[in-house]
Amino acid sequence: MSRLLSAIFACAFALGVLGAVLYLQHAAIPQHAAAASKQADTLADRNKGDDDDDASDSATSKWPDDAGTPEQVMYAQAELMQDALKALQPRAPGRPNLYMIGFAGDGSENVFRNEVEFVQRQFTQRFDAAGRTLLLINNPDTLARVPIASLSNLQTAVDAAAQRMHADEDILFLFLTSHGSREHELYVNLDPLPLDQIAPEDLADALAKSEVRYRVIVISACYSGGFIDALKNDTTMVITAARADRTSFGCGTQSEITDFGRAFFVDGLNHNDSFEAAFDEASHLVDSWESRDDETHSYPQIEAGALIKQRLKAWRAGLHLGPPLPFRTSAPPHQSDGASLTAMTR
C-alpha cells in the first residue's frame with residue numbers, strides 16, 4: 001500500500017511540475033507582446049483616431065489559409081526579404097538618388113497598409129524612385145508575398161538600401177505608420193506573432209548601424225514627436241504626425257488613410273516637390289480639420305538639419321517630377337453601422 005501511495009504521490013507531483021512549467025511558459029510570452037496588449041487597450045481612449053471599433057473585428061481576426069502557420073510565416077521571412085532585396089535596383093548614376101522604405105506596423109487595420117502602398121506608388125511615379133522602393137507590411141492579405149514589418153526586417157532593409165546608395169549623394173526616405181503609445185513606442189502587431197515594439201532608440205540604432213548618411217524619416221503615429229530627439233542630426237529630416245504629448249487622428253478600421261497621411265502625401269506632396277513645403281501645407285490642413293471637428297490639436301512636427309536641406313535641394317535639381325497621383329486604396333476599410341468616417345471624408 002505504501003508503494004502505491006508513493007507512486008500516486010510521485011505521479012501527482014510530476015503532473016504538478018508539468019503544469020507549472022506550462023504555466024510559466026505561457027506567462028513568459030515576450031514582454032513586448034504584453035506591451036502590445038497594453039498599447040491596444042490604451043488606443044481605446046483614443047490614441048490615434050476617434051473610432052471605437054473592437055480589435056476583435058480587425059483585419060487579423062482571420063488568418064489566411066495560404067499564409068501557412070505563424071511559425072511558417074516567420075520561417076518564410078528570409079526568402080521574402082531576399083526576393084524584395086533582389087528587386088531593389090542599384091542607384092542611377094550622375095545624380096542624387098532617393099530610396100524609399102515603407103513600414104506598416106499594425107496588421108489589425110488596413111489603413112496602414114493603404115498608406116505605405118500609396119506612398120510607394122507615389123514615389124515610383126512622381127518622385128522618380130522606380131525600382132528603389134521596398135515595403136514591410138503587417139497585414140493578413142499580404143503575408144504570402146510581402147515581408148512583415150518587424151524591427152529585424154527593417155534593419156535588413158536599411159542595410160540593403162545602404163549597400164546600393166552612394167553615401168555622400170543619395171537619400172533614404174523612411175516612412176513608418178502605425179499606432180503610437182504615450183511611452184513613445186511604435187506599435188508593431190500581427191497577431192499571433194510575437195513582434196518587438198519600436199522605441200526611438202531602436203530606430204536610431206538601426207540607422208546608426210547602417211552607412212546611410214542622408215535620411216528623411218516620416219512617422220505617422222500618436223505621440224510620434226517623441227522620436228525626434230533620438231533621430232535628429234545635421235543630415236536628417238524628421239517629420240512626425242503629432243507632438244510628443246499629442247495624439248493624431250484618422251486611423252481605425254473604418255478609415256482608408258490617416259489624417260496626416262492624407263494631408264502630407266495626398267495633398268502636400270501632390271502639390272509640392274519639397275518635403276518642407278508639403279509639411280507646411282499638411283500642417284495647416286490638419287490644424288483646420290481638427291478645429292472644424294473640435295479635436296485636440298495634434299501639432300505635427302518637423303526637424304531638419306542644414307546638411308539634409310542642402311542634399312534635398314540637390315536631389316530636387318535633378319528630379320524628373322511626375323504628375324500628381326490620386327489616392328486609391330488596395331484594401332477597403334471595414335464597414336459597420338455608426339462607424340466614424342473621419343479620414344474618409346477629408
# chains A, B, ... in the order shown; residues from 1 in each chain; ligands from 1
$ closest_atom_pairs --of "stretch 175-223 of chain A" --to "stretch 308-329 of chain A" --cutoff "12 Å" --atoms "only C-alpha atoms" --output "JSON lines"
{"residue": "A:Arg213", "atom": "CA", "partner": "A:Ile308", "partner_atom": "CA", "distance": 9.1}
{"residue": "A:Tyr214", "atom": "CA", "partner": "A:Ile308", "partner_atom": "CA", "distance": 6.1}
{"residue": "A:Arg215", "atom": "CA", "partner": "A:Ile308", "partner_atom": "CA", "distance": 7.3}
{"residue": "A:Val216", "atom": "CA", "partner": "A:Ile308", "partner_atom": "CA", "distance": 8.1}
{"residue": "A:Ile217", "atom": "CA", "partner": "A:Ile308", "partner_atom": "CA", "distance": 11.4}
$ write_last_selection --atoms "C-alpha atoms" --output "mmCIF file, in the first residue's frame"
data_model
loop_
_atom_site.group_PDB
_atom_site.id
_atom_site.type_symbol
_atom_site.label_atom_id
_atom_site.label_comp_id
_atom_site.auth_asym_id
_atom_site.auth_seq_id
_atom_site.Cartn_x
_atom_site.Cartn_y
_atom_site.Cartn_z
ATOM 1 C CA ARG A 213 24.068 59.294 -44.110
ATOM 2 C CA TYR A 214 21.210 61.379 -45.513
ATOM 3 C CA ARG A 215 17.752 60.496 -44.214
ATOM 4 C CA VAL A 216 14.201 61.744 -44.299
ATOM 5 C CA ILE A 217 12.120 59.970 -41.659
#
$ residues_around --residues "A:His271" --least-positions-apart "2" --cutoff "12 Å" --atoms "only C-alpha atoms" --output "PyMOL selection string"
chain A and resi 126+263-269+273-282+321-326
$ write_last_selection --atoms "C-alpha atoms" --output "short mmCIF file (atom, residue, chain, number, x, y, z; two decimals), in the first residue's frame"
data_model
loop_
_atom_site.label_atom_id
_atom_site.label_comp_id
_atom_site.auth_asym_id
_atom_site.auth_seq_id
_atom_site.Cartn_x
_atom_site.Cartn_y
_atom_site.Cartn_z
CA ARG A 126 6.06 61.09 -59.17
CA ALA A 263 -2.57 65.90 -45.65
CA PHE A 264 1.15 65.24 -46.22
CA PHE A 265 1.21 62.71 -49.05
CA VAL A 266 -2.08 63.07 -50.93
CA ASP A 267 -2.26 66.85 -50.66
CA GLY A 268 1.18 68.15 -49.72
CA LEU A 269 3.39 66.00 -51.95
CA ASP A 273 8.24 68.70 -54.73
CA SER A 274 9.68 69.89 -51.41
CA PHE A 275 9.15 67.91 -48.20
CA GLU A 276 9.25 71.13 -46.18
CA ALA A 277 6.62 72.78 -48.37
CA ALA A 278 4.49 69.64 -48.22
CA PHE A 279 4.76 69.67 -44.44
CA ASP A 280 3.71 73.31 -44.25
CA GLU A 281 0.61 72.58 -46.31
CA ALA A 282 -0.15 69.42 -44.34
CA LEU A 321 8.96 65.17 -61.34
CA GLY A 322 5.95 63.13 -62.41
CA PRO A 323 2.27 64.16 -62.29
CA PRO A 324 0.21 64.14 -59.08
CA LEU A 325 -1.07 60.72 -58.12
CA PRO A 326 -4.70 60.33 -57.00
#
$ residues_around --residues "A:Ile137" --least-positions-apart "6" --cutoff "9 Å" --atoms "only C-alpha atoms" --output "list in words"
Gly102, Phe103, Ala104, Gly105, Asp106, Gly107, Phe112, Arg113, Val116, Leu143, Val146, Pro147, Ile148, Ala149 and Ser150 of chain A
$ write_last_selection --atoms "N, CA and C atoms" --output "PDB file, in the first residue's frame"
ATOM      1  N   GLY A 102       8.929  51.672 -46.759  1.00  0.00           N
ATOM      2  CA  GLY A 102       7.671  51.899 -46.056  1.00  0.00           C
ATOM      3  C   GLY A 102       7.424  50.799 -45.037  1.00  0.00           C
ATOM      4  N   PHE A 103       6.954  51.179 -43.860  1.00  0.00           N
ATOM      5  CA  PHE A 103       6.765  50.248 -42.740  1.00  0.00           C
ATOM      6  C   PHE A 103       5.360  50.434 -42.186  1.00  0.00           C
ATOM      7  N   ALA A 104       4.474  49.458 -42.423  1.00  0.00           N
ATOM      8  CA  ALA A 104       3.100  49.493 -41.909  1.00  0.00           C
ATOM      9  C   ALA A 104       3.026  48.588 -40.692  1.00  0.00           C
ATOM     10  N   GLY A 105       2.963  49.179 -39.500  1.00  0.00           N
ATOM     11  CA  GLY A 105       3.219  48.431 -38.284  1.00  0.00           C
ATOM     12  C   GLY A 105       2.090  47.585 -37.740  1.00  0.00           C
ATOM     13  N   ASP A 106       0.841  48.054 -37.868  1.00  0.00           N
ATOM     14  CA  ASP A 106      -0.271  47.359 -37.214  1.00  0.00           C
ATOM     15  C   ASP A 106      -1.099  46.597 -38.238  1.00  0.00           C
ATOM     16  N   GLY A 107      -1.140  45.277 -38.086  1.00  0.00           N
ATOM     17  CA  GLY A 107      -1.868  44.449 -39.028  1.00  0.00           C
ATOM     18  C   GLY A 107      -3.348  44.353 -38.765  1.00  0.00           C
ATOM     19  N   PHE A 112      -3.034  51.358 -42.484  1.00  0.00           N
ATOM     20  CA  PHE A 112      -1.579  51.496 -42.523  1.00  0.00           C
ATOM     21  C   PHE A 112      -0.997  50.857 -43.786  1.00  0.00           C
ATOM     22  N   ARG A 113      -1.552  49.720 -44.169  1.00  0.00           N
ATOM     23  CA  ARG A 113      -1.152  49.121 -45.444  1.00  0.00           C
ATOM     24  C   ARG A 113      -1.480  50.063 -46.593  1.00  0.00           C
ATOM     25  N   VAL A 116       1.253  52.962 -46.898  1.00  0.00           N
ATOM     26  CA  VAL A 116       2.576  52.661 -47.449  1.00  0.00           C
ATOM     27  C   VAL A 116       2.494  52.247 -48.909  1.00  0.00           C
ATOM     28  N   LEU A 143       0.626  38.534 -46.351  1.00  0.00           N
ATOM     29  CA  LEU A 143       1.588  37.655 -45.678  1.00  0.00           C
ATOM     30  C   LEU A 143       2.376  36.768 -46.639  1.00  0.00           C
ATOM     31  N   VAL A 146       4.642  39.737 -49.171  1.00  0.00           N
ATOM     32  CA  VAL A 146       5.382  40.918 -48.718  1.00  0.00           C
ATOM     33  C   VAL A 146       5.989  40.626 -47.348  1.00  0.00           C
ATOM     34  N   PRO A 147       7.245  40.978 -47.117  1.00  0.00           N
ATOM     35  CA  PRO A 147       7.832  40.760 -45.793  1.00  0.00           C
ATOM     36  C   PRO A 147       7.050  41.505 -44.710  1.00  0.00           C
ATOM     37  N   ILE A 148       7.013  40.919 -43.531  1.00  0.00           N
ATOM     38  CA  ILE A 148       6.297  41.573 -42.444  1.00  0.00           C
ATOM     39  C   ILE A 148       7.087  42.787 -41.940  1.00  0.00           C
ATOM     40  N   ALA A 149       6.376  43.688 -41.298  1.00  0.00           N
ATOM     41  CA  ALA A 149       7.002  44.868 -40.701  1.00  0.00           C
ATOM     42  C   ALA A 149       7.485  44.498 -39.302  1.00  0.00           C
ATOM     43  N   SER A 150       8.755  44.198 -39.200  1.00  0.00           N
ATOM     44  CA  SER A 150       9.383  43.882 -37.919  1.00  0.00           C
ATOM     45  C   SER A 150      10.677  44.667 -37.812  1.00  0.00           C
TER      46      SER A 150
END
$ select_by_dssp --residues "stretch 143-339 of chain A" --states "helix (DSSP H, G or I)" --output "VMD selection string"
chain A and resid 151 to 164 200 to 208 224 to 231 259 to 271 275 to 292 306 to 317
$ closest_residue --among "A:Leu203, A:Ala161, A:Leu134, A:Leu193" --to "A:Glu71" --atoms "only C-alpha atoms"
A:Leu193
$ closest_residue --among "A:Gly250, A:Pro300, A:Gly261, A:Gly305" --to "A:Glu117" --atoms "only C-alpha atoms"
A:Gly261
$ closest_residue --among "A:Leu136, A:Val218, A:Leu195, A:Ile101" --to "A:Pro70" --atoms "only C-alpha atoms"
A:Leu195
$ closest_residue --among "A:Ala144, A:Leu285, A:Val238, A:Ala208" --to "A:Ala76" --atoms "only C-alpha atoms"
A:Ala144
$ residues_around --residues "A:Tyr99" --least-positions-apart "2" --cutoff "6 Å" --atoms "only C-alpha atoms" --output "short mmCIF file (atom, residue, chain, number, x, y, z; two decimals) with C-alpha atoms, in the first residue's frame"
data_model
loop_
_atom_site.label_atom_id
_atom_site.label_comp_id
_atom_site.auth_asym_id
_atom_site.auth_seq_id
_atom_site.Cartn_x
_atom_site.Cartn_y
_atom_site.Cartn_z
CA ARG A 132 14.26 51.79 -55.39
CA THR A 133 11.35 51.20 -53.02
CA LEU A 172 16.85 57.35 -47.71
CA PHE A 173 13.16 58.19 -47.24
#
$ select_by_dssp --residues "stretch 75-308 of chain A" --states "strand (DSSP E)" --output "ChimeraX atom specification"
/A:98-104,133-137,171-177,214-220,236-240,301-304
$ write_last_selection --atoms "C-alpha atoms" --output "PDB file, in the first residue's frame"
ATOM      1  CA  LEU A  98      16.227  58.586 -53.335  1.00  0.00           C
ATOM      2  CA  TYR A  99      15.456  55.170 -51.843  1.00  0.00           C
ATOM      3  CA  MET A 100      12.138  54.667 -50.065  1.00  0.00           C
ATOM      4  CA  ILE A 101      11.247  52.131 -47.350  1.00  0.00           C
ATOM      5  CA  GLY A 102       7.671  51.899 -46.056  1.00  0.00           C
ATOM      6  CA  PHE A 103       6.765  50.248 -42.740  1.00  0.00           C
ATOM      7  CA  ALA A 104       3.100  49.493 -41.909  1.00  0.00           C
ATOM      8  CA  THR A 133      11.345  51.199 -53.019  1.00  0.00           C
ATOM      9  CA  LEU A 134      10.705  48.431 -50.516  1.00  0.00           C
ATOM     10  CA  LEU A 135       7.688  47.731 -48.317  1.00  0.00           C
ATOM     11  CA  LEU A 136       7.326  45.933 -44.997  1.00  0.00           C
ATOM     12  CA  ILE A 137       3.676  45.325 -44.158  1.00  0.00           C
ATOM     13  CA  ILE A 171      18.882  59.937 -49.578  1.00  0.00           C
ATOM     14  CA  LEU A 172      16.851  57.347 -47.707  1.00  0.00           C
ATOM     15  CA  PHE A 173      13.161  58.188 -47.245  1.00  0.00           C
ATOM     16  CA  LEU A 174      11.820  56.072 -44.390  1.00  0.00           C
ATOM     17  CA  PHE A 175       8.072  56.133 -43.722  1.00  0.00           C
ATOM     18  CA  LEU A 176       6.636  54.396 -40.663  1.00  0.00           C
ATOM     19  CA  THR A 177       2.921  54.366 -39.920  1.00  0.00           C
ATOM     20  CA  TYR A 214      21.210  61.379 -45.513  1.00  0.00           C
ATOM     21  CA  ARG A 215      17.752  60.496 -44.214  1.00  0.00           C
ATOM     22  CA  VAL A 216      14.201  61.744 -44.299  1.00  0.00           C
ATOM     23  CA  ILE A 217      12.120  59.970 -41.659  1.00  0.00           C
ATOM     24  CA  VAL A 218       8.343  60.397 -41.571  1.00  0.00           C
ATOM     25  CA  ILE A 219       6.448  58.836 -38.663  1.00  0.00           C
ATOM     26  CA  SER A 220       2.659  58.865 -38.682  1.00  0.00           C
ATOM     27  CA  THR A 236      18.465  64.009 -41.045  1.00  0.00           C
ATOM     28  CA  MET A 237      14.965  65.426 -41.506  1.00  0.00           C
ATOM     29  CA  VAL A 238      12.348  64.079 -39.107  1.00  0.00           C
ATOM     30  CA  ILE A 239       8.637  64.680 -39.719  1.00  0.00           C
ATOM     31  CA  THR A 240       6.013  63.442 -37.281  1.00  0.00           C
ATOM     32  CA  GLN A 301       6.402  68.435 -36.101  1.00  0.00           C
ATOM     33  CA  ILE A 302       9.429  68.858 -38.361  1.00  0.00           C
ATOM     34  CA  GLU A 303      13.132  68.972 -37.551  1.00  0.00           C
ATOM     35  CA  ALA A 304      15.727  69.281 -40.318  1.00  0.00           C
TER      36      ALA A 304
END
$ residues_around --residues "A:Ala221" --least-positions-apart "4" --cutoff "8 Å" --atoms "only C-alpha atoms" --output "count of residues only"
11
$ atom_distance --atom1 "atom CA of A:Arg246" --atom2 "atom CA of A:Tyr223"
5.2 Å
$ atom_distance --atom1 "atom CA of A:Arg121" --atom2 "atom CA of A:Phe249"
23.2 Å
$ atom_distance --atom1 "atom CA of A:Asp202" --atom2 "atom CA of A:His184"
11.2 Å
$ closest_atom_pairs --of "stretch 183-227 of chain A" --to "stretch 153-159 of chain A" --cutoff "8 Å" --atoms "only C-alpha atoms" --output "CSV"
residue,atom,partner,partner_atom,distance
A:Ala206,CA,A:Gln155,CA,5.5
A:Leu207,CA,A:Val158,CA,7.1
A:Lys209,CA,A:Asp159,CA,8.0
A:Ser210,CA,A:Asp159,CA,5.3
A:Glu211,CA,A:Asp159,CA,7.4
A:Val212,CA,A:Val158,CA,7.9
